[in-house]
>>> print(open('entry_35.txt').read())   # compact mmCIF, C-alpha atoms and all ligand atoms
# COMPACT_ATOMS: atom_id res chain seq x y z
CA MET A 7 -4.27 -17.84 -26.60
CA ALA A 8 -1.02 -16.24 -27.82
CA GLU A 9 -2.65 -12.81 -27.48
CA GLN A 10 -3.64 -13.61 -23.90
CA ARG A 11 -0.08 -14.41 -22.91
CA LEU A 12 1.14 -11.06 -24.24
CA LYS A 13 -1.39 -9.09 -22.19
CA THR A 14 -0.35 -7.52 -18.92
CA SER A 15 -3.15 -6.51 -16.61
CA ILE A 16 -3.47 -4.65 -13.35
CA ALA A 17 -6.71 -5.11 -11.42
CA ILE A 18 -7.74 -2.44 -8.95
CA LEU A 19 -10.19 -3.57 -6.29
CA GLY A 20 -12.14 -0.56 -5.07
CA CYS A 21 -12.68 2.37 -7.43
CA GLY A 22 -13.22 5.11 -4.87
CA GLU A 23 -10.83 8.04 -4.46
CA VAL A 24 -7.60 6.02 -4.28
CA GLY A 25 -8.52 3.34 -6.83
CA ALA A 26 -9.68 5.87 -9.44
CA THR A 27 -6.60 8.06 -8.92
CA LEU A 28 -4.33 5.05 -9.33
CA ALA A 29 -6.22 4.05 -12.50
CA TYR A 30 -5.85 7.57 -13.90
CA THR A 31 -2.10 7.54 -13.14
CA LEU A 32 -1.73 4.17 -14.90
CA LEU A 33 -3.59 5.49 -17.97
CA GLN A 34 -1.44 8.59 -18.15
CA ASN A 35 1.80 6.62 -17.79
CA PRO A 36 1.01 3.35 -19.57
CA ILE A 37 2.81 0.26 -18.27
CA CYS A 38 0.26 -2.51 -18.96
CA SER A 39 -2.28 -3.54 -21.62
CA GLU A 40 -5.32 -3.19 -19.42
CA VAL A 41 -6.55 -1.88 -16.11
CA ILE A 42 -9.55 -3.74 -14.66
CA LEU A 43 -11.67 -1.95 -12.07
CA VAL A 44 -13.79 -3.93 -9.59
CA ASP A 45 -16.25 -2.45 -7.10
CA PRO A 46 -19.59 -3.69 -5.73
CA LYS A 47 -21.06 -0.19 -6.27
CA LYS A 48 -22.14 -0.87 -9.86
CA GLU A 49 -23.19 2.68 -10.75
CA LEU A 50 -19.97 4.15 -9.40
CA LEU A 51 -17.95 1.47 -11.20
CA GLU A 52 -19.57 2.17 -14.58
CA ALA A 53 -19.24 5.91 -14.14
CA GLN A 54 -15.56 5.65 -13.20
CA VAL A 55 -14.82 3.40 -16.19
CA ARG A 56 -16.56 5.83 -18.57
CA ASP A 57 -14.96 8.91 -17.05
CA LEU A 58 -11.47 7.31 -17.03
CA GLY A 59 -12.06 5.96 -20.55
CA ASP A 60 -12.66 9.54 -21.69
CA ALA A 61 -9.10 10.31 -20.60
CA THR A 62 -7.68 7.72 -23.02
CA TYR A 63 -8.93 9.17 -26.31
CA GLY A 64 -6.24 11.82 -26.61
CA GLY A 65 -3.76 9.70 -28.55
CA ARG A 66 -1.88 7.79 -25.85
CA ALA A 67 -4.45 5.01 -25.55
CA ALA A 68 -1.87 2.28 -24.88
CA THR A 69 -3.76 1.00 -21.86
CA LYS A 70 -7.42 -0.03 -21.97
CA ILE A 71 -9.71 0.34 -18.99
CA ARG A 72 -12.75 -1.80 -18.22
CA ALA A 73 -14.96 -3.03 -15.42
CA GLY A 74 -14.39 -6.60 -14.28
CA THR A 75 -15.24 -9.20 -11.67
CA HIS A 76 -13.26 -10.35 -8.66
CA GLN A 77 -12.69 -13.65 -10.50
CA GLU A 78 -11.08 -11.85 -13.45
CA ALA A 79 -9.03 -9.72 -11.07
CA GLY A 80 -7.60 -12.86 -9.49
CA GLN A 81 -6.02 -13.81 -12.86
CA SER A 82 -4.25 -10.43 -13.31
CA ASP A 83 -0.50 -9.84 -13.11
CA ILE A 84 -1.01 -7.43 -10.21
CA VAL A 85 -4.03 -7.00 -7.94
CA VAL A 86 -4.05 -3.71 -6.07
CA ILE A 87 -6.41 -3.72 -3.09
CA THR A 88 -7.78 -0.27 -2.27
CA ALA A 89 -11.17 -1.73 -1.29
CA GLY A 90 -12.35 -0.71 2.13
CA ALA A 91 -13.43 1.96 4.51
CA LYS A 92 -11.26 5.04 4.90
CA GLN A 93 -10.52 7.19 7.94
CA LYS A 94 -12.92 9.93 8.92
CA PRO A 95 -11.24 13.13 10.10
CA GLY A 96 -9.55 12.42 13.46
CA GLU A 97 -9.91 8.63 13.13
CA SER A 98 -6.84 6.34 13.29
CA ARG A 99 -5.95 3.87 10.54
CA LEU A 100 -6.19 1.01 13.04
CA SER A 101 -9.85 1.80 13.76
CA LEU A 102 -10.61 0.56 10.22
CA LEU A 103 -9.32 -2.93 10.95
CA ASN A 104 -12.57 -4.80 11.70
CA ARG A 105 -14.45 -3.39 8.70
CA ASN A 106 -11.58 -3.81 6.26
CA LEU A 107 -10.67 -7.30 7.42
CA ILE A 108 -14.24 -8.44 6.68
CA ILE A 109 -13.97 -6.88 3.20
CA LEU A 110 -10.56 -8.47 2.64
CA THR A 111 -11.84 -11.92 3.60
CA SER A 112 -14.79 -11.61 1.19
CA ILE A 113 -12.44 -10.43 -1.59
CA PHE A 114 -10.33 -13.59 -1.37
CA THR A 115 -13.43 -15.78 -1.36
CA SER A 116 -14.66 -13.99 -4.53
CA MET A 117 -11.26 -14.10 -6.29
CA SER A 118 -10.60 -17.79 -5.60
CA PRO A 119 -8.79 -19.54 -7.24
CA ILE A 120 -6.21 -16.78 -7.55
CA SER A 121 -3.44 -17.20 -10.16
CA PRO A 122 -0.22 -18.51 -8.54
CA HIS A 123 1.70 -15.79 -10.46
CA THR A 124 -0.32 -12.81 -9.22
CA ILE A 125 1.40 -10.13 -7.14
CA LEU A 126 -0.83 -8.58 -4.47
CA LEU A 127 -0.29 -4.95 -3.56
CA LEU A 128 -2.19 -3.81 -0.48
CA VAL A 129 -3.11 -0.16 -0.13
CA ALA A 130 -6.21 -0.25 2.12
CA ASN A 131 -5.59 0.53 5.78
CA PRO A 132 -4.34 -0.50 8.24
CA VAL A 133 -2.04 -1.61 5.46
CA ASP A 134 0.52 -3.59 7.49
CA VAL A 135 -2.07 -5.72 9.26
CA LEU A 136 -4.08 -6.26 6.05
CA THR A 137 -0.88 -7.28 4.21
CA TYR A 138 -0.29 -9.92 6.88
CA PHE A 139 -3.84 -11.30 6.49
CA ALA A 140 -3.75 -11.08 2.67
CA ARG A 141 -0.73 -13.36 2.72
CA LYS A 142 -2.61 -15.90 4.85
CA LEU A 143 -5.92 -15.65 2.98
CA SER A 144 -4.41 -15.78 -0.53
CA GLY A 145 -2.06 -18.72 0.07
CA LEU A 146 0.47 -16.99 -2.21
CA PRO A 147 4.20 -17.10 -1.41
CA GLU A 148 5.14 -14.29 0.98
CA SER A 149 7.34 -12.63 -1.67
CA GLN A 150 4.21 -12.02 -3.81
CA VAL A 151 2.25 -10.15 -1.13
CA LEU A 152 3.33 -6.62 -0.28
CA GLY A 153 1.87 -3.41 1.05
CA THR A 154 2.65 0.18 0.11
CA GLY A 155 3.69 0.56 3.77
CA THR A 156 5.78 3.62 4.47
CA SER A 157 6.60 4.42 0.82
CA LEU A 158 4.25 7.39 0.90
CA ASP A 159 5.57 8.55 4.30
CA SER A 160 9.12 8.22 2.91
CA ALA A 161 8.17 10.27 -0.17
CA ARG A 162 6.85 12.98 2.17
CA LEU A 163 10.08 12.80 4.18
CA ARG A 164 12.14 13.16 1.00
CA GLY A 165 10.02 16.15 0.00
CA ILE A 166 10.51 18.05 3.24
CA LEU A 167 14.23 17.23 3.55
CA ALA A 168 14.73 18.35 -0.06
CA GLN A 169 13.13 21.71 0.79
CA LYS A 170 15.34 22.11 3.87
CA ALA A 171 18.53 21.15 2.02
CA GLN A 172 17.53 22.89 -1.22
CA VAL A 173 18.26 19.87 -3.39
CA SER A 174 16.04 17.72 -5.59
CA PRO A 175 13.92 15.10 -3.74
CA SER A 176 15.53 12.38 -5.90
CA SER A 177 18.92 13.21 -4.28
CA ILE A 178 17.57 12.36 -0.82
CA ASP A 179 18.01 8.82 0.45
CA ALA A 180 16.01 8.66 3.66
CA TYR A 181 13.34 6.24 4.85
CA VAL A 182 10.43 6.14 7.22
CA LEU A 183 10.30 2.54 8.48
CA GLY A 184 8.01 0.30 10.54
CA GLU A 185 4.26 0.85 10.60
CA HIS A 186 2.32 3.01 8.14
CA GLY A 187 0.81 4.59 11.23
CA ASP A 188 1.60 6.17 14.55
CA SER A 189 4.55 3.94 15.53
CA GLN A 190 6.52 4.68 12.35
CA PHE A 191 10.01 6.17 12.73
CA VAL A 192 12.65 7.85 10.59
CA ALA A 193 15.92 5.95 10.11
CA TRP A 194 18.03 9.08 10.61
CA SER A 195 21.25 7.13 11.17
CA ASN A 196 21.48 6.01 7.54
CA ALA A 197 19.88 8.98 5.76
CA SER A 198 22.00 10.71 3.14
CA ILE A 199 21.97 13.36 0.45
CA GLY A 200 23.81 11.96 -2.52
CA SER A 201 26.50 9.94 -0.80
CA THR A 202 26.91 12.47 2.03
CA PRO A 203 25.50 11.36 5.41
CA LEU A 204 22.67 13.66 6.53
CA HIS A 205 24.53 14.77 9.67
CA LEU A 206 27.25 16.22 7.41
CA ALA A 207 24.97 17.52 4.65
CA LEU A 208 22.68 19.33 7.15
CA SER A 209 25.20 19.78 9.97
CA ASP A 210 23.89 23.26 10.85
CA GLN A 211 20.21 22.18 11.05
CA LEU A 212 20.07 18.59 12.27
CA THR A 213 19.08 19.15 15.93
CA ASP A 214 16.71 16.94 17.97
CA GLU A 215 14.06 19.63 17.58
CA PHE A 216 14.47 19.62 13.78
CA LYS A 217 14.10 15.82 13.73
CA THR A 218 11.00 15.90 15.94
CA ASP A 219 9.40 18.56 13.73
CA ILE A 220 10.05 16.59 10.58
CA GLU A 221 8.80 13.36 12.13
CA SER A 222 5.55 14.92 13.26
CA HIS A 223 5.09 16.55 9.86
CA THR A 224 5.54 13.18 8.14
CA ARG A 225 3.38 11.26 10.63
CA GLY A 226 0.60 13.88 10.62
CA ALA A 227 0.54 14.69 6.88
CA ALA A 228 -2.34 12.33 5.98
CA GLY A 229 -4.48 13.47 8.94
CA ALA A 230 -4.12 17.11 7.93
CA ILE A 231 -5.10 16.42 4.31
CA ILE A 232 -8.05 14.20 5.34
CA ALA A 233 -9.29 16.89 7.75
CA ALA A 234 -9.39 19.38 4.88
CA LYS A 235 -10.57 17.29 1.90
CA GLY A 236 -11.82 13.96 3.28
CA CYS A 237 -9.21 11.68 1.72
CA THR A 238 -5.68 11.43 0.38
CA ALA A 239 -5.39 10.12 -3.17
CA TYR A 240 -2.74 11.69 -5.42
CA GLY A 241 0.33 10.78 -3.36
CA ILE A 242 -0.74 7.19 -2.81
CA GLY A 243 -1.94 6.87 -6.42
CA ASN A 244 1.48 7.89 -7.62
CA VAL A 245 3.33 5.64 -5.16
CA ALA A 246 1.17 2.59 -6.02
CA ALA A 247 1.59 3.19 -9.78
CA SER A 248 5.39 3.37 -9.34
CA ILE A 249 5.40 0.08 -7.41
CA CYS A 250 3.36 -1.56 -10.21
CA LYS A 251 5.97 -0.31 -12.69
CA TYR A 252 8.88 -1.67 -10.63
CA ILE A 253 7.12 -5.05 -10.63
CA LEU A 254 6.11 -5.27 -14.30
CA PHE A 255 9.44 -3.88 -15.54
CA ASP A 256 11.43 -6.05 -13.10
CA SER A 257 13.32 -2.87 -12.25
CA ARG A 258 14.87 -4.16 -8.97
CA THR A 259 14.29 -0.80 -7.31
CA VAL A 260 14.85 -0.46 -3.56
CA ARG A 261 11.89 0.97 -1.63
CA PRO A 262 10.53 0.73 1.91
CA LEU A 263 7.58 -1.63 1.59
CA SER A 264 5.47 -3.64 3.97
CA PHE A 265 6.24 -7.34 3.73
CA PHE A 266 6.45 -10.34 6.02
CA GLN A 267 9.24 -10.15 8.59
CA PRO A 268 9.89 -13.69 9.89
CA ARG A 269 11.78 -12.29 12.89
CA PHE A 270 8.70 -10.41 14.12
CA SER A 271 5.93 -12.56 12.60
CA CYS A 272 4.17 -9.52 11.19
CA CYS A 273 4.33 -7.29 8.12
CA LEU A 274 5.98 -3.87 8.40
CA SER A 275 8.11 -1.66 6.18
CA MET A 276 11.79 -2.23 5.66
CA PRO A 277 13.82 -1.52 2.49
CA ALA A 278 13.43 -4.26 -0.12
CA VAL A 279 14.39 -4.95 -3.74
CA ILE A 280 11.23 -5.08 -5.89
CA GLY A 281 10.96 -6.89 -9.21
CA ARG A 282 8.73 -9.09 -11.36
CA LYS A 283 8.30 -11.67 -8.63
CA GLY A 284 7.47 -9.11 -5.94
CA ILE A 285 9.85 -8.76 -3.00
CA LEU A 286 13.09 -10.18 -4.38
CA ARG A 287 15.01 -9.69 -1.14
CA ALA A 288 15.15 -7.57 1.97
CA MET A 289 18.04 -5.10 1.99
CA PRO A 290 20.18 -5.42 5.11
CA THR A 291 19.68 -2.18 7.06
CA GLN A 292 21.90 -0.89 9.82
CA LEU A 293 19.91 0.97 12.49
CA ASP A 294 21.32 2.59 15.59
CA GLY A 295 20.29 1.39 19.07
CA ASP A 296 17.36 3.82 19.45
CA GLU A 297 15.99 3.02 16.00
CA GLN A 298 16.33 -0.71 16.63
CA LYS A 299 14.25 -0.26 19.80
CA LEU A 300 11.60 1.73 17.86
CA LEU A 301 11.45 -1.04 15.24
CA GLU A 302 11.02 -3.72 17.90
CA ASP A 303 8.29 -1.72 19.72
CA CYS A 304 6.50 -1.18 16.44
CA ALA A 305 6.61 -4.92 15.66
CA VAL A 306 5.35 -5.84 19.14
CA GLY A 307 2.40 -3.45 18.69
CA LEU A 308 1.52 -4.83 15.24
CA ARG A 309 1.86 -8.43 16.44
CA ALA A 310 -0.56 -7.74 19.34
CA ILE A 311 -3.12 -6.31 16.89
CA ILE A 312 -2.75 -9.34 14.61
CA GLU A 313 -3.27 -11.73 17.53
CA GLY A 314 -6.39 -9.82 18.63
CA ALA A 315 -7.78 -9.91 15.08
CA GLU A 316 -7.01 -13.64 14.74
CA LYS A 317 -8.96 -14.35 17.94
CA GLU A 318 -11.93 -12.37 16.62
CA LEU A 319 -11.87 -14.17 13.27
CA LYS A 320 -11.81 -17.53 15.08
CA ALA A 321 -14.71 -16.51 17.34
CA ASP A 322 -16.73 -15.31 14.29
CA ASP A 323 -16.05 -18.63 12.56
CA GLU A 324 -17.18 -20.62 15.60
CA LEU A 325 -20.36 -18.54 15.87
CA ARG A 326 -21.12 -19.05 12.16
CA HIS A 327 -20.65 -22.83 12.46
CA ALA A 328 -22.87 -22.94 15.57
CA LEU A 329 -25.60 -20.94 13.79
CA GLU A 330 -25.38 -23.18 10.70
CA LYS A 331 -25.69 -26.29 12.88
CA HIS A 332 -28.66 -24.79 14.72
CA ALA A 333 -30.53 -23.78 11.53
N1 LIG B 1 -1.61 2.95 2.28
C1 LIG B 1 -1.72 4.26 2.14
O1 LIG B 1 -0.70 4.98 2.18
C2 LIG B 1 -3.09 4.84 1.92
C3 LIG B 1 -3.27 6.19 1.51
C4 LIG B 1 -4.56 6.67 1.30
C5 LIG B 1 -5.67 5.84 1.53
N2 LIG B 1 -5.46 4.56 1.95
C6 LIG B 1 -6.58 3.63 2.21
O2 LIG B 1 -7.14 3.19 0.98
C7 LIG B 1 -8.49 2.77 1.22
C8 LIG B 1 -9.41 3.38 0.16
O3 LIG B 1 -9.50 4.78 0.34
P1 LIG B 1 -10.50 5.64 -0.60
O4 LIG B 1 -10.33 7.06 -0.22
O5 LIG B 1 -10.33 5.21 -2.01
O6 LIG B 1 -11.91 5.09 -0.06
P2 LIG B 1 -13.31 5.14 -0.85
O7 LIG B 1 -14.37 4.94 0.18
O8 LIG B 1 -13.38 6.35 -1.71
O9 LIG B 1 -13.24 3.84 -1.82
C9 LIG B 1 -13.24 2.53 -1.35
C10 LIG B 1 -14.00 1.70 -2.37
O10 LIG B 1 -13.86 0.31 -2.03
C11 LIG B 1 -15.05 -0.31 -2.50
N3 LIG B 1 -15.21 -1.67 -1.99
C12 LIG B 1 -15.77 -2.07 -0.81
N4 LIG B 1 -15.80 -3.42 -0.76
C13 LIG B 1 -15.24 -3.88 -1.91
C14 LIG B 1 -14.99 -5.17 -2.44
N5 LIG B 1 -15.32 -6.28 -1.77
N6 LIG B 1 -14.39 -5.28 -3.65
C15 LIG B 1 -14.06 -4.18 -4.37
N7 LIG B 1 -14.28 -2.91 -3.91
C16 LIG B 1 -14.87 -2.78 -2.70
C17 LIG B 1 -16.14 0.65 -2.05
O11 LIG B 1 -17.38 0.39 -2.72
C18 LIG B 1 -15.52 1.99 -2.40
O12 LIG B 1 -15.91 2.44 -3.70
C19 LIG B 1 -8.82 3.19 2.66
O13 LIG B 1 -8.69 2.07 3.51
C20 LIG B 1 -7.75 4.23 2.97
O14 LIG B 1 -7.49 4.34 4.35
C21 LIG B 1 -4.21 4.05 2.13
>>> encode(input="entry_35.txt", output="structure tokens", more="lines below")
Ligand SMILES: NC(=O)c1ccc[n+]([C@@H]2O[C@H](COP(=O)([O-])OP(=O)(O)OC[C@H]3O[C@@H](n4cnc5c(N)ncnc54)[C@H](O)[C@@H]3O)[C@@H](O)[C@H]2O)c1
Amino acid sequence: MAEQRLKTSIAILGCGEVGATLAYTLLQNPICSEVILVDPKKELLEAQVRDLGDATYGGRAATKIRAGTHQEAGQSDIVVITAGAKQKPGESRLSLLNRNLIILTSIFTSMSPISPHTILLLVANPVDVLTYFARKLSGLPESQVLGTGTSLDSARLRGILAQKAQVSPSSIDAYVLGEHGDSQFVAWSNASIGSTPLHLALSDQLTDEFKTDIESHTRGAAGAIIAAKGCTAYGIGNVAASICKYILFDSRTVRPLSFFQPRFSCCLSMPAVIGRKGILRAMPTQLDGDEQKLLEDCAVGLRAIIEGAEKELKADDELRHALEKHA
């Protein structure tokens, strides 16, 4: 019993490209006692556990890896949801919604009853819409349900701005906000390098054309990688592992994450303080007029998608009840 309380576990639902890369990252940089992998593809699951296990015998075996059930996952400190279909080359993230919402619904049925202390981290796409539904389906407080959102897009933005400014990426403070998708935008008005506003630090480069180029690079980065290799895994694996660390270490780090925005009634990315209880608080963010409009448009688009999906779920439910009655 005492041993159980000391254990910290991260469950990863879905051990495809992203889930396995996240597991590998967590084994290489140990932050918990065990990583539990769950996937309905039994052969793949066993093979991934054995292959990943082989990576733990080199001396730093602080974290154990094993296969588990959805029920066990639901009792973990963090459940990371990578389960679901991924984009084919040229496909949008939103086109995955129907398939991944069905998977998400079945996951919560299989995990029930989920521990009231679990933090849910959504990775599967479309991540903002799935984060919204995960919050509803899990019944957990909204602070405990978050999505990776635009953290990966923001990391890419930091990377390219660092190259342009010839400084380390960790010196760049700049965020992509809104949807992890086509309506995302860069909050240029509050970007800085060190404490120097970007318009001063890059005064000779920061034209409208420069901004448009960077935005399309950031927005199109995933599509270009998927077109060439069929998936993206390392960037998101690293981002998700860092978020798990911020949670378990209660580090109170500020990152752009997808979480419920009462003002818009949807989940989208804004800067938040992350700690052991999930989203500890939203950071007040000052946007200029154009950025505010982009944020509102993005929220309206996401809200419309949520309403469409809710109607479909209701219609499916009614059909199932009618069929059950008829049988
Ligand atoms: N948020 C981001 O920034 C980001 C980045 C990259 C990928 N993604 C998304 O992550 C998801 C996974 O991508 P991938 O490349 O790993 O796909 P993948 O097809 O390689 O793996 C998905 C795995 O989920 C499993 N799965 C299906 N139903 C399940 C269930 N009920 N429980 C547990 N596992 C289940 C499948 O069997 C499969 O092994 C996709 O939706 C992709 O779009 C998100």
>>> atom_distance(input="entry_35.txt", atom1="atom CA of Pro268 of chain A", atom2="atom CA of Lys142 of chain A")
13.7 Å
>>> atom_distance(input="entry_35.txt", atom1="atom CA of Arg258 of chain A", atom2="atom C8 of ligand LIG 1 (chain B)")
27.0 Å
>>> closest_residue(input="entry_35.txt", among="A:Tyr181, A:Phe139, A:Phe270, A:Phe114", to="ligand LIG 1 (chain B)", atoms="only C-alpha atoms and all ligand atoms")
A:Phe114
>>> closest_residue(input="entry_35.txt", among="A:Val86, A:Leu126, A:Ala234, A:Leu167", to="Tyr138 of chain A", atoms="all atoms listed in the file")
A:Leu126
>>> residues_around(input="entry_35.txt", residues="Thr75 of chain A", least_positions_apart="4", cutoff="10 Å", atoms="only C-alpha atoms", output="list in words")
Ala17, Leu19, Ile42, Leu43, Val44, Asp45, Pro46, Ala79, Gly80, Ser116 and Met117 of chain A
>>> atom_distance(input="entry_35.txt", atom1="atom CA of Tyr30 of chain A", atom2="atom CA of Gly64 of chain A")
13.4 Å
>>> build_atoms(input="entry_35.txt", residues="segment 18-43 of chain A", atoms="N, CA and C atoms", output="PDB file, keeping the file's coordinate frame")
ATOM      1  N   ILE A  18      -7.642  -3.311 -10.120  1.00  0.00           N
ATOM      2  CA  ILE A  18      -7.740  -2.440  -8.950  1.00  0.00           C
ATOM      3  C   ILE A  18      -9.058  -2.752  -8.256  1.00  0.00           C
ATOM      4  N   LEU A  19      -8.980  -3.259  -7.043  1.00  0.00           N
ATOM      5  CA  LEU A  19     -10.190  -3.570  -6.290  1.00  0.00           C
ATOM      6  C   LEU A  19     -10.548  -2.350  -5.448  1.00  0.00           C
ATOM      7  N   GLY A  20     -11.716  -1.785  -5.743  1.00  0.00           N
ATOM      8  CA  GLY A  20     -12.140  -0.560  -5.070  1.00  0.00           C
ATOM      9  C   GLY A  20     -11.857   0.618  -5.995  1.00  0.00           C
ATOM     10  N   CYS A  21     -12.930   1.230  -6.535  1.00  0.00           N
ATOM     11  CA  CYS A  21     -12.680   2.370  -7.430  1.00  0.00           C
ATOM     12  C   CYS A  21     -13.219   3.653  -6.815  1.00  0.00           C
ATOM     13  N   GLY A  22     -12.924   3.839  -5.526  1.00  0.00           N
ATOM     14  CA  GLY A  22     -13.220   5.110  -4.870  1.00  0.00           C
ATOM     15  C   GLY A  22     -12.116   6.107  -5.192  1.00  0.00           C
ATOM     16  N   GLU A  23     -11.815   6.963  -4.226  1.00  0.00           N
ATOM     17  CA  GLU A  23     -10.830   8.040  -4.460  1.00  0.00           C
ATOM     18  C   GLU A  23      -9.456   7.485  -4.844  1.00  0.00           C
ATOM     19  N   VAL A  24      -8.963   6.527  -4.048  1.00  0.00           N
ATOM     20  CA  VAL A  24      -7.600   6.020  -4.280  1.00  0.00           C
ATOM     21  C   VAL A  24      -7.548   5.160  -5.539  1.00  0.00           C
ATOM     22  N   GLY A  25      -8.518   4.240  -5.681  1.00  0.00           N
ATOM     23  CA  GLY A  25      -8.520   3.340  -6.830  1.00  0.00           C
ATOM     24  C   GLY A  25      -8.614   4.109  -8.141  1.00  0.00           C
ATOM     25  N   ALA A  26      -9.497   5.111  -8.195  1.00  0.00           N
ATOM     26  CA  ALA A  26      -9.680   5.870  -9.440  1.00  0.00           C
ATOM     27  C   ALA A  26      -8.426   6.711  -9.729  1.00  0.00           C
ATOM     28  N   THR A  27      -7.808   7.255  -8.695  1.00  0.00           N
ATOM     29  CA  THR A  27      -6.600   8.060  -8.920  1.00  0.00           C
ATOM     30  C   THR A  27      -5.456   7.183  -9.420  1.00  0.00           C
ATOM     31  N   LEU A  28      -5.352   5.991  -8.850  1.00  0.00           N
ATOM     32  CA  LEU A  28      -4.330   5.050  -9.330  1.00  0.00           C
ATOM     33  C   LEU A  28      -4.610   4.696 -10.792  1.00  0.00           C
ATOM     34  N   ALA A  29      -5.876   4.410 -11.121  1.00  0.00           N
ATOM     35  CA  ALA A  29      -6.220   4.050 -12.500  1.00  0.00           C
ATOM     36  C   ALA A  29      -5.845   5.188 -13.446  1.00  0.00           C
ATOM     37  N   TYR A  30      -6.159   6.411 -13.056  1.00  0.00           N
ATOM     38  CA  TYR A  30      -5.850   7.570 -13.900  1.00  0.00           C
ATOM     39  C   TYR A  30      -4.328   7.673 -14.125  1.00  0.00           C
ATOM     40  N   THR A  31      -3.570   7.466 -13.043  1.00  0.00           N
ATOM     41  CA  THR A  31      -2.100   7.540 -13.140  1.00  0.00           C
ATOM     42  C   THR A  31      -1.583   6.468 -14.099  1.00  0.00           C
ATOM     43  N   LEU A  32      -2.180   5.261 -14.021  1.00  0.00           N
ATOM     44  CA  LEU A  32      -1.730   4.170 -14.900  1.00  0.00           C
ATOM     45  C   LEU A  32      -2.105   4.432 -16.364  1.00  0.00           C
ATOM     46  N   LEU A  33      -3.204   5.160 -16.583  1.00  0.00           N
ATOM     47  CA  LEU A  33      -3.590   5.490 -17.970  1.00  0.00           C
ATOM     48  C   LEU A  33      -2.690   6.578 -18.540  1.00  0.00           C
ATOM     49  N   GLN A  34      -2.289   7.492 -17.680  1.00  0.00           N
ATOM     50  CA  GLN A  34      -1.440   8.590 -18.150  1.00  0.00           C
ATOM     51  C   GLN A  34       0.007   8.155 -18.383  1.00  0.00           C
ATOM     52  N   ASN A  35       0.423   7.129 -17.651  1.00  0.00           N
ATOM     53  CA  ASN A  35       1.800   6.620 -17.790  1.00  0.00           C
ATOM     54  C   ASN A  35       1.703   5.118 -18.067  1.00  0.00           C
ATOM     55  N   PRO A  36       1.362   4.750 -19.291  1.00  0.00           N
ATOM     56  CA  PRO A  36       1.010   3.350 -19.570  1.00  0.00           C
ATOM     57  C   PRO A  36       2.148   2.363 -19.296  1.00  0.00           C
ATOM     58  N   ILE A  37       1.818   1.312 -18.535  1.00  0.00           N
ATOM     59  CA  ILE A  37       2.810   0.260 -18.270  1.00  0.00           C
ATOM     60  C   ILE A  37       2.225  -1.133 -18.498  1.00  0.00           C
ATOM     61  N   CYS A  38       0.899  -1.203 -18.786  1.00  0.00           N
ATOM     62  CA  CYS A  38       0.260  -2.510 -18.960  1.00  0.00           C
ATOM     63  C   CYS A  38      -0.796  -2.408 -20.061  1.00  0.00           C
ATOM     64  N   SER A  39      -1.280  -3.578 -20.548  1.00  0.00           N
ATOM     65  CA  SER A  39      -2.280  -3.540 -21.620  1.00  0.00           C
ATOM     66  C   SER A  39      -3.645  -3.105 -21.105  1.00  0.00           C
ATOM     67  N   GLU A  40      -4.005  -3.604 -19.902  1.00  0.00           N
ATOM     68  CA  GLU A  40      -5.320  -3.190 -19.420  1.00  0.00           C
ATOM     69  C   GLU A  40      -5.380  -3.019 -17.908  1.00  0.00           C
ATOM     70  N   VAL A  41      -6.262  -2.095 -17.530  1.00  0.00           N
ATOM     71  CA  VAL A  41      -6.550  -1.880 -16.110  1.00  0.00           C
ATOM     72  C   VAL A  41      -8.003  -2.328 -15.907  1.00  0.00           C
ATOM     73  N   ILE A  42      -8.196  -3.218 -14.938  1.00  0.00           N
ATOM     74  CA  ILE A  42      -9.550  -3.740 -14.660  1.00  0.00           C
ATOM     75  C   ILE A  42      -9.997  -3.158 -13.320  1.00  0.00           C
ATOM     76  N   LEU A  43     -11.144  -2.511 -13.322  1.00  0.00           N
ATOM     77  CA  LEU A  43     -11.670  -1.950 -12.070  1.00  0.00           C
ATOM     78  C   LEU A  43     -12.767  -2.861 -11.535  1.00  0.00           C
TER      79      LEU A  43
END
